[in-house]
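Novice: Before I ask anything, here is the structure I am working with.
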Protein chains: 2
Amino acid sequence: MRKTSIKDIAAKANVSIATVSYVLNGTRNVRSDTRERVVAAIEELNYKPNAIAKSLKLNRTNTIGVIAEDVTVFNTPDIIDGINDFGDRNDLHILLVNLRLDKRIGRNFSNTEDYRKYAANAVAELLSNQVDGIIYIGVHPRDLTGLIDTEGKPIVYTYSYTQDDISIQYNDEQAAYQAMSYLVNQGHSRIAVISGLMDSIPSRLRLNGYYKAVTEYQLPFDPLLIKMGDWERESGYRLTSELLALPEPPTAILSMNDVMVVGILQAAEEKGFKIPDDLSVVGFDNREFSDYLRPRITTMGLPLHEMGYQAIEVLFNLIKGTKMDSLTMPECRLIERDSVATLKNAVRQK
Amino acid sequence: MRKTSIKDIAAKANVSIATVSYVLNGTRNVRSDTRERVVAAIEELNYKPNAIAKSLKLNRTNTIGVIAEDVTVFNTPDIIDGINDFGDRNDLHILLVNLRLDKRIGRNFSNTEDYRKYAANAVAELLSNQVDGIIYIGVHPRDLTGLIDTEGKPIVYTYSYTQDDISIQYNDEQAAYQAMSYLVNQGHSRIAVISGLMDSIPSRLRLNGYYKAVTEYQLPFDPLLIKMGDWERESGYRLTSELLALPEPPTAILSMNDVMVVGILQAAEEKGFKIPDDLSVVGFDNREFSDYLRPRITTMGLPLHEMGYQAIEVLFNLIKGTKMDSLTMPECRLIERDSVATLKNAVRQK
DNA sequence: CTGTTAGCGCCTTCAT
DNA sequence: ATGAAGGCGCTAACAG
C-alpha cells in the first residue's frame, strides 16, 4: 500500500489538497471546523508529510551537509555534537560525510592531492542531495584554500580554514596566555614550553601567547626553556629530559598537547622529579586520558562544542541571508586538576 | 538563475529529456553519437543530477538514518566510521541524528520515558526524510523493546537490541574467555575478575566467559577472586585493595573495563605491587587512554568498526530484500601491551 | 533507437 | 475561506 499522502487526507476530510497544505503549514486562515476535520483525518490516517517532496518544491531541504575529515579523531565528535545542538533547535538535519582520512592516508596532510578526490566526491554527494549549506571539519587547523568548490553553496570551515570562506577557530594565543597566567598566579616564573611542530599554526599562535605572558608578567626570559616538540609523546620525554638536566630546571612546563605530557610524566619520574611537587605541568586539548593519568593533568580544554555550534549558526544565517553581529572567537577553558603546584610565593590574583 | 536541469541539457543536445535520463543511468542503449552529444552538454553546463527529485520519483533515497544516542561517547565514532565505510562502497548516504543523551539525561537509562520523546522525534524526522532504513546506536547494551516505532521501516540496532528487531552485538563471552586464555598461556592460574554492574548484560556474559575458562583450564576456583564493580575507577581501586589484602592474592586481574584499571593501578601502587611484575592486568574496551597509562594496558579491543559495518550491511540487505548468509558475531581482539607478565611456568601455546 | 507523457507529493498563484 | 491547476526534476512505461 502506498504511503498516505496529502491527497488521502484531503479526500477523507472532504477538502482540497490545498486546504490540507494550509492547515499543515499554517500558511493561511482556515475555518476552525474545516481545520478540525483535516486534523482529525491526519490523526486517523497517521499521516506524515513527505519532506522530500516538500524539498523538491521549495528548493530547500533544511539539511546541512557536514564533511568530517575523520570522525574518529578526538576533536570531531564534540564539534558534531555542537552542530546537532543548534540543528535540533532550528529544525536542521545533518547529512554526514566522513572522509576517513586517518585510515585512508594517515596523518600526513601536506599533499592535498592525496585527498582532493575524497573531498570532491563528498561535495558532489552533498550538492546532489541539495543541502542548504556545508560545514567542513578538519582534523588539524590548516589552510585548505582551493581544496573544494561548492559552486556557490555556502560553506563554513572549522578546525581548518581557507582564504575565501568563513571559518570558526578558537583563540590559540589567548589559550596559551591564559595557561601561563594560571601558572604565574600559582607562583611560577621559570616556565618552559614544549611546542608542537612549528609548521603548525596553533604552535605558532600559542608561542605568541607564551611570549606575551613572559613579557607582560616580566618573567625571566631564557631561550633554553623553549623547546620544539612534534606532538608525540617521545618528544615530550626527550625534551623534558633536557629541561630537567639544566643547571636551573623550570618549575613548570606548558605542553602544547596532552600526548606529550605522557612523555613529560615519564621523564620526570625517571629523573626523580615528582609531579606536581617538583615540576608542574599544564597540557592542551583536555583529551579524555588526561583525567586518567596520575596525577590527573591540568589542561586547556578546547571549545569544540562551541565551535560546532557557532559554525552552523553562522552557516544558518548565511543561508537565510541575515546579518550576524560579529561574533566572539570561542575560547579554551582551563581544566584545573592535579598537575600544578602552588608555590609558596604565589600571588593569588582574582 | 535556476540550477541547470535535465531539461537544459536535453535542449542543448537536441534530444528528449528521456534520452538524457537514459544516458545518465545507462538504463537503455543510446546511439553513441547521441550519447556523446548528451555527455558533452552535461560537461559544458556542469550539470549535476538532483538526487531529491530522483528520490521523489523512485521512492528511494539511498539514505540511511543513523540514530546515535550520543556521538561523544567513546564507542560511537568508530561505529559510525564502520557505517561510513560500507556506505561509501555502496553509494549510501547518512542522515545523522544525535540524541545527545549523555548531556540531556546523564548516564542513567533505566527510565526509558526520560528519552522516549527524543527517540520518537528522531524517528519522525528520519521517516519524514524518507530514509530507506535506520540504524540505532546505543551507548550501552540494553533492551530497547518498545522504545520506538519505525512504522515498518527496516531498522537494525547495535550496541543495544530489542526483542523484535535485528541487532548486531559482539561476542562478550568469547572476549572474556579469550582474555583468560591469554592470561593462562602466560602462566597465570590465580586470576581475579572485577566485573561491571551486574544489571548489565555484558557483565553477565563476560562472567560466563570467565567461568568457562576457569572450568576448561581447570583453574583453582576461589569465589574470593570474583568482585562486583560498577564500571567506575573507584570500584577498581577498592576491590583491588581487597584482592591484594588476601592471604593469597591473585597474580592477575581481568577488569571488565579500562576505567576500573585506573583504580587498579593506583591500588597496586599503594600496596607496593608493581605492574606487571607483581600483578598482571587485562582491561576491556581499548579506550584511548589505555595506551597512555604506565604501564601501557593490555586490553580487549571492541570490534566497533566491524559492528557498524555489519549493521549497515545487514540493513542494506534487508532493504533490498536479499537474503544474507548467517553472519558471524564480531569478536573482540586482544591488544597486547605491557601490563601482563609472563610467569616462569608459562606453557607457551601457539 | 528515441520521444511523449504521466505522475512522485507538495506548495502556491490565481480564481471563485 | 476554499479550490483548481501548474510545476519542482526526474524516471519509466508506452508509442513509434
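Residues in the C-alpha cells are named by chain (A, B, ... in the order shown) and by number from 1 within that chain; ligands are numbered from 1 in the order shown.
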Tell me the residues of chain B close to chain D, meaning within 12 Å using only C-alpha atoms (C1' of nucleotides), as a VMD selection string.
Specialist: chain B and resid 2 to 8 17 to 22 24 to 25 27 to 28 48 to 59
Novice: May I have the residues from that selection written out with C-alpha atoms, as a compact mmCIF listing (two decimals), in the first residue's frame?
Specialist:
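After the write, again-v7.txt holds the following:
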# COMPACT_ATOMS: atom_id res chain seq x y z
CA ARG B 2 17.84 28.28 -11.87
CA LYS B 3 20.12 25.29 -11.48
CA THR B 4 20.63 23.50 -14.74
CA SER B 5 18.35 20.53 -15.05
CA ILE B 6 17.91 17.60 -17.30
CA LYS B 7 15.73 19.80 -19.46
CA ASP B 8 18.51 22.25 -20.19
CA ILE B 17 14.73 14.52 -21.60
CA ALA B 18 14.11 10.80 -21.63
CA THR B 19 17.26 10.22 -23.62
CA VAL B 20 19.24 12.28 -21.20
CA SER B 21 17.90 10.17 -18.38
CA TYR B 22 18.88 7.04 -20.28
CA LEU B 24 22.64 9.32 -17.21
CA ASN B 25 21.58 6.00 -15.78
CA THR B 27 19.05 2.40 -18.47
CA ARG B 28 18.87 1.85 -22.18
CA LYS B 48 24.63 17.66 -11.54
CA PRO B 49 21.60 15.42 -11.11
CA ASN B 50 19.14 16.42 -8.43
CA ALA B 51 19.01 13.49 -6.04
CA ILE B 52 15.94 14.90 -4.32
CA ALA B 53 13.86 14.77 -7.48
CA LYS B 54 15.12 11.30 -8.21
CA SER B 55 14.24 10.17 -4.70
CA LEU B 56 10.73 11.52 -5.01
CA LYS B 57 10.22 9.67 -8.22
CA LEU B 58 11.80 6.39 -7.17
CA ASN B 59 10.52 6.42 -3.64
Novice: I need the contact residues of chain C against chain A, so if you could list those with any atom within 10 Å, counting only C-alpha atoms (C1' of nucleotides), and return them as a ChimeraX atom specification, that would help.
Specialist: /C:8-12
Novice: Take the residues that were just selected and, keeping all heavy atoms, output them as an mmCIF file, in the first residue's frame.
Specialist:
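And here is the file that came out, selection_21.cif:
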data_model
loop_
_atom_site.group_PDB
_atom_site.id
_atom_site.type_symbol
_atom_site.label_atom_id
_atom_site.label_comp_id
_atom_site.auth_asym_id
_atom_site.auth_seq_id
_atom_site.Cartn_x
_atom_site.Cartn_y
_atom_site.Cartn_z
ATOM 1 P P DC C 8 1.033 9.792 -8.435
ATOM 2 O OP1 DC C 8 0.270 8.550 -8.221
ATOM 3 O OP2 DC C 8 0.428 11.099 -8.179
ATOM 4 O "O5'" DC C 8 2.363 9.751 -7.592
ATOM 5 C "C5'" DC C 8 3.331 8.734 -7.681
ATOM 6 C "C4'" DC C 8 4.595 9.215 -7.011
ATOM 7 O "O4'" DC C 8 5.395 9.927 -7.975
ATOM 8 C "C3'" DC C 8 4.325 10.188 -5.874
ATOM 9 O "O3'" DC C 8 4.411 9.484 -4.633
ATOM 10 C "C2'" DC C 8 5.431 11.232 -5.991
ATOM 11 C "C1'" DC C 8 6.055 11.001 -7.367
ATOM 12 N N1 DC C 8 5.947 12.146 -8.329
ATOM 13 C C2 DC C 8 7.074 12.596 -9.008
ATOM 14 O O2 DC C 8 8.159 12.053 -8.780
ATOM 15 N N3 DC C 8 6.948 13.615 -9.893
ATOM 16 C C4 DC C 8 5.750 14.171 -10.104
ATOM 17 N N4 DC C 8 5.679 15.162 -10.997
ATOM 18 C C5 DC C 8 4.586 13.719 -9.425
ATOM 19 C C6 DC C 8 4.726 12.720 -8.552
ATOM 20 P P DG C 9 3.168 9.574 -3.617
ATOM 21 O OP1 DG C 9 3.429 8.539 -2.608
ATOM 22 O OP2 DG C 9 1.906 9.584 -4.364
ATOM 23 O "O5'" DG C 9 3.357 10.997 -2.950
ATOM 24 C "C5'" DG C 9 4.518 11.258 -2.167
ATOM 25 C "C4'" DG C 9 4.580 12.732 -1.834
ATOM 26 O "O4'" DG C 9 4.745 13.473 -3.052
ATOM 27 C "C3'" DG C 9 3.313 13.276 -1.178
ATOM 28 O "O3'" DG C 9 3.710 13.922 0.017
ATOM 29 C "C2'" DG C 9 2.726 14.233 -2.206
ATOM 30 C "C1'" DG C 9 3.954 14.632 -3.017
ATOM 31 N N9 DG C 9 3.693 14.983 -4.404
ATOM 32 C C8 DG C 9 2.761 14.417 -5.257
ATOM 33 N N7 DG C 9 2.779 14.932 -6.458
ATOM 34 C C5 DG C 9 3.786 15.906 -6.410
ATOM 35 C C6 DG C 9 4.255 16.771 -7.410
ATOM 36 O O6 DG C 9 3.882 16.878 -8.573
ATOM 37 N N1 DG C 9 5.290 17.587 -6.929
ATOM 38 C C2 DG C 9 5.786 17.547 -5.655
ATOM 39 N N2 DG C 9 6.767 18.394 -5.376
ATOM 40 N N3 DG C 9 5.358 16.735 -4.703
ATOM 41 C C4 DG C 9 4.356 15.940 -5.147
ATOM 42 P P DC C 10 2.744 14.796 0.874
ATOM 43 O OP1 DC C 10 3.235 14.762 2.255
ATOM 44 O OP2 DC C 10 1.344 14.470 0.569
ATOM 45 O "O5'" DC C 10 3.076 16.239 0.300
ATOM 46 C "C5'" DC C 10 4.370 16.797 0.560
ATOM 47 C "C4'" DC C 10 4.540 18.076 -0.218
ATOM 48 O "O4'" DC C 10 4.183 17.819 -1.585
ATOM 49 C "C3'" DC C 10 3.627 19.194 0.238
ATOM 50 O "O3'" DC C 10 4.411 20.088 1.023
ATOM 51 C "C2'" DC C 10 3.145 19.855 -1.051
ATOM 52 C "C1'" DC C 10 3.801 19.045 -2.151
ATOM 53 N N1 DC C 10 2.927 18.732 -3.307
ATOM 54 C C2 DC C 10 3.096 19.440 -4.483
ATOM 55 O O2 DC C 10 3.952 20.326 -4.542
ATOM 56 N N3 DC C 10 2.306 19.150 -5.551
ATOM 57 C C4 DC C 10 1.385 18.178 -5.458
ATOM 58 N N4 DC C 10 0.630 17.913 -6.539
ATOM 59 C C5 DC C 10 1.186 17.439 -4.255
ATOM 60 C C6 DC C 10 1.972 17.755 -3.206
ATOM 61 P P DC C 11 3.674 21.330 1.717
ATOM 62 O OP1 DC C 11 4.550 21.695 2.842
ATOM 63 O OP2 DC C 11 2.251 21.002 1.943
ATOM 64 O "O5'" DC C 11 3.769 22.468 0.622
ATOM 65 C "C5'" DC C 11 5.056 22.968 0.278
ATOM 66 C "C4'" DC C 11 4.919 23.998 -0.804
ATOM 67 O "O4'" DC C 11 4.180 23.448 -1.916
ATOM 68 C "C3'" DC C 11 4.171 25.268 -0.386
ATOM 69 O "O3'" DC C 11 4.922 26.344 -0.904
ATOM 70 C "C2'" DC C 11 2.815 25.138 -1.067
ATOM 71 C "C1'" DC C 11 3.183 24.364 -2.322
ATOM 72 N N1 DC C 11 2.133 23.532 -2.964
ATOM 73 C C2 DC C 11 1.917 23.635 -4.348
ATOM 74 O O2 DC C 11 2.581 24.439 -4.998
ATOM 75 N N3 DC C 11 0.972 22.849 -4.931
ATOM 76 C C4 DC C 11 0.277 21.980 -4.203
ATOM 77 N N4 DC C 11 -0.634 21.212 -4.826
ATOM 78 C C5 DC C 11 0.465 21.849 -2.788
ATOM 79 C C6 DC C 11 1.397 22.636 -2.209
ATOM 80 P P DT C 12 4.699 27.826 -0.336
ATOM 81 O OP1 DT C 12 6.019 28.414 -0.062
ATOM 82 O OP2 DT C 12 3.673 27.744 0.722
ATOM 83 O "O5'" DT C 12 4.055 28.551 -1.580
ATOM 84 C "C5'" DT C 12 4.415 28.128 -2.899
ATOM 85 C "C4'" DT C 12 3.498 28.799 -3.896
ATOM 86 O "O4'" DT C 12 2.501 27.852 -4.356
ATOM 87 C "C3'" DT C 12 2.718 29.987 -3.350
ATOM 88 O "O3'" DT C 12 2.589 30.944 -4.377
ATOM 89 C "C2'" DT C 12 1.368 29.394 -3.007
ATOM 90 C "C1'" DT C 12 1.214 28.409 -4.171
ATOM 91 N N1 DT C 12 0.282 27.271 -3.945
ATOM 92 C C2 DT C 12 -0.279 26.660 -5.039
ATOM 93 O O2 DT C 12 -0.061 26.988 -6.176
ATOM 94 N N3 DT C 12 -1.121 25.622 -4.730
ATOM 95 C C4 DT C 12 -1.461 25.155 -3.465
ATOM 96 O O4 DT C 12 -2.235 24.217 -3.337
ATOM 97 C C5 DT C 12 -0.832 25.850 -2.376
ATOM 98 C C7 DT C 12 -1.144 25.423 -0.961
ATOM 99 C C6 DT C 12 -0.005 26.867 -2.646
#
Novice: Give the residues of chain B that lie within 6 Å of chain A; count only C-alpha atoms, and format the answer as an MDAnalysis selection string.
Specialist: chainID B and resid 50:52 71:72 77:78 94:96 128:129 289
Novice: Can you write out the residues you just picked, keeping N, CA, C and O atoms, as a PDB file, in the first residue's frame?
Specialist:
ATOM      1  N   ASN B  50      19.794  16.046  -9.678  1.00  0.00           N
ATOM      2  CA  ASN B  50      19.137  16.419  -8.428  1.00  0.00           C
ATOM      3  C   ASN B  50      18.613  15.151  -7.744  1.00  0.00           C
ATOM      4  O   ASN B  50      17.607  14.563  -8.136  1.00  0.00           O
ATOM      5  N   ALA B  51      19.348  14.748  -6.710  1.00  0.00           N
ATOM      6  CA  ALA B  51      19.014  13.494  -6.038  1.00  0.00           C
ATOM      7  C   ALA B  51      17.643  13.555  -5.374  1.00  0.00           C
ATOM      8  O   ALA B  51      16.968  12.542  -5.205  1.00  0.00           O
ATOM      9  N   ILE B  52      17.237  14.748  -4.978  1.00  0.00           N
ATOM     10  CA  ILE B  52      15.944  14.901  -4.321  1.00  0.00           C
ATOM     11  C   ILE B  52      14.813  14.519  -5.279  1.00  0.00           C
ATOM     12  O   ILE B  52      13.906  13.747  -4.932  1.00  0.00           O
ATOM     13  N   VAL B  71      26.940  10.862  20.251  1.00  0.00           N
ATOM     14  CA  VAL B  71      28.146  10.720  19.424  1.00  0.00           C
ATOM     15  C   VAL B  71      29.431  10.969  20.198  1.00  0.00           C
ATOM     16  O   VAL B  71      30.507  10.609  19.727  1.00  0.00           O
ATOM     17  N   THR B  72      29.324  11.579  21.373  1.00  0.00           N
ATOM     18  CA  THR B  72      30.562  11.858  22.105  1.00  0.00           C
ATOM     19  C   THR B  72      30.954  10.717  23.040  1.00  0.00           C
ATOM     20  O   THR B  72      31.980  10.799  23.708  1.00  0.00           O
ATOM     21  N   PRO B  77      31.856   6.970  17.633  1.00  0.00           N
ATOM     22  CA  PRO B  77      32.552   7.376  16.411  1.00  0.00           C
ATOM     23  C   PRO B  77      33.046   6.205  15.566  1.00  0.00           C
ATOM     24  O   PRO B  77      32.886   6.217  14.340  1.00  0.00           O
ATOM     25  N   ASP B  78      33.582   5.190  16.188  1.00  0.00           N
ATOM     26  CA  ASP B  78      34.095   4.067  15.400  1.00  0.00           C
ATOM     27  C   ASP B  78      32.976   3.261  14.752  1.00  0.00           C
ATOM     28  O   ASP B  78      33.139   2.714  13.662  1.00  0.00           O
ATOM     29  N   ILE B  94      24.304   9.142   4.713  1.00  0.00           N
ATOM     30  CA  ILE B  94      23.986   9.009   6.133  1.00  0.00           C
ATOM     31  C   ILE B  94      23.335  10.269   6.667  1.00  0.00           C
ATOM     32  O   ILE B  94      23.936  11.342   6.661  1.00  0.00           O
ATOM     33  N   LEU B  95      22.112  10.125   7.111  1.00  0.00           N
ATOM     34  CA  LEU B  95      21.435  11.220   7.799  1.00  0.00           C
ATOM     35  C   LEU B  95      21.577  10.941   9.288  1.00  0.00           C
ATOM     36  O   LEU B  95      21.072   9.945   9.791  1.00  0.00           O
ATOM     37  N   LEU B  96      22.290  11.827   9.977  1.00  0.00           N
ATOM     38  CA  LEU B  96      22.643  11.548  11.361  1.00  0.00           C
ATOM     39  C   LEU B  96      21.774  12.312  12.349  1.00  0.00           C
ATOM     40  O   LEU B  96      21.641  13.534  12.248  1.00  0.00           O
ATOM     41  N   SER B 128      10.208  11.168   7.914  1.00  0.00           N
ATOM     42  CA  SER B 128       9.764  12.275   7.082  1.00  0.00           C
ATOM     43  C   SER B 128      10.752  12.514   5.942  1.00  0.00           C
ATOM     44  O   SER B 128      10.374  12.877   4.839  1.00  0.00           O
ATOM     45  N   ASN B 129      12.000  12.273   6.223  1.00  0.00           N
ATOM     46  CA  ASN B 129      13.007  12.434   5.181  1.00  0.00           C
ATOM     47  C   ASN B 129      13.177  11.174   4.344  1.00  0.00           C
ATOM     48  O   ASN B 129      14.141  11.061   3.587  1.00  0.00           O
ATOM     49  N   PHE B 289      42.890   5.980  26.345  1.00  0.00           N
ATOM     50  CA  PHE B 289      43.836   6.234  27.425  1.00  0.00           C
ATOM     51  C   PHE B 289      44.607   5.000  27.870  1.00  0.00           C
ATOM     52  O   PHE B 289      45.648   5.103  28.493  1.00  0.00           O
TER      53      PHE B 289
END
Novice: What lies within 7 Å of Arg337 in chain B using only C-alpha atoms (C1' of nucleotides), ignoring chain neighbours under 4 positions off, as a list in words?
Specialist: Arg296, Ile297 and Thr298 of chain B
Novice: Could you list, as an NGL selection string, every residue within 10 Å of Leu279 in chain A, counting only C-alpha atoms (C1' of nucleotides) and ignoring same-chain residues fewer than 4 positions away?
Specialist: :A and (191 or 244 or 249-253 or 264-265 or 268 or 273-275 or 339-341)
Novice: Could you state the separation of CA of Arg116 in chain B and CA of Pro141 in chain B in Å, given to one decimal place?
Specialist: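 Separation between CA of Arg116 in chain B and CA of Pro141 in chain B: 16.8 Å.
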Novice: Which of range 55-260 of chain B end up as strand (DSSP E or B) when DSSP is run on this backbone - answer as a PyMOL selection string?
Specialist: chain B and resi 63-68+93-98+133-137+143+155-158+161+166-168+191-195+226-228+252-255
Novice: Expressed in Å to a single decimal, how great is the separation between CA of Ile319 in chain A and CA of Glu306 in chain A?
Specialist: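 A separation of 19.7 Å between them.
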Novice: Excluding Arg142 in chain A and residues on its chain fewer than 6 positions from it, collect all residues at most 10 Å away from it, counting only C-alpha atoms (C1' of nucleotides), and give them as a PyMOL selection string.
Specialist: chain A and resi 109-110+158-162+199-202
Novice: Those same residues - C-alpha atoms - I'd like them written as a CSV table (one decimal), in the first residue's frame.
Specialist:
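Final file, result_12.csv:
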chain,number,residue,atom,x,y,z
A,109,PHE,CA,48.1,16.1,5.1
A,110,SER,CA,50.9,18.0,3.4
A,158,THR,CA,36.1,24.8,11.4
A,159,TYR,CA,39.3,23.3,12.6
A,160,SER,CA,40.7,24.4,9.3
A,161,TYR,CA,40.2,27.4,7.0
A,162,THR,CA,40.5,28.9,3.6
A,199,ASP,CA,54.8,24.2,10.7
A,200,SER,CA,51.5,24.2,12.6
A,201,ILE,CA,49.5,27.4,13.1
A,202,PRO,CA,48.4,26.6,16.6
Novice: Near Phe284 in chain A, counting only C-alpha atoms (C1' of nucleotides), which residues have an atom at most 8 Å away, once you skip same-chain residues fewer than 3 positions from it, shown as a list in words?
Specialist: Ser255, Met256, Asn257, Asp258, Arg287, Thr299, Met300, Gly301 and Leu302 of chain A
Novice: Pick out the residues sitting within 12 Å of Pro220 in chain A, and hand them over as a tab-separated table (two decimals) with N, CA and C atoms, in the first residue's frame; count only C-alpha atoms (C1' of nucleotides), and ignore anything fewer than 6 positions along from it in its own chain.
Specialist:
chain	number	residue	atom	x	y	z
A	184	VAL	N	51.60	31.54	36.51
A	184	VAL	CA	52.18	32.68	37.20
A	184	VAL	C	51.45	32.93	38.52
A	188	HIS	N	54.67	30.45	39.72
A	188	HIS	CA	55.76	30.02	38.83
A	188	HIS	C	56.27	31.20	38.01
A	189	SER	N	57.57	31.19	37.75
A	189	SER	CA	58.12	32.21	36.88
A	189	SER	C	59.09	31.58	35.87
A	190	ARG	N	59.71	30.51	36.27
A	190	ARG	CA	60.62	29.83	35.35
A	190	ARG	C	59.82	28.73	34.66
A	191	ILE	N	59.18	29.13	33.56
A	191	ILE	CA	58.22	28.24	32.89
A	191	ILE	C	58.72	27.86	31.51
A	192	ALA	N	58.84	26.56	31.29
A	192	ALA	CA	59.27	26.09	29.97
A	192	ALA	C	58.05	25.83	29.10
A	211	TYR	N	55.01	34.12	24.71
A	211	TYR	CA	55.87	35.30	24.73
A	211	TYR	C	55.15	36.49	25.36
A	213	ALA	N	52.89	36.45	27.60
A	213	ALA	CA	52.86	36.29	29.06
A	213	ALA	C	54.23	36.57	29.66
A	214	VAL	N	55.27	36.07	29.01
A	214	VAL	CA	56.63	36.30	29.51
A	214	VAL	C	56.90	37.80	29.61
A	250	PRO	N	63.24	24.32	34.95
A	250	PRO	CA	62.00	25.07	35.14
A	250	PRO	C	61.19	24.48	36.29
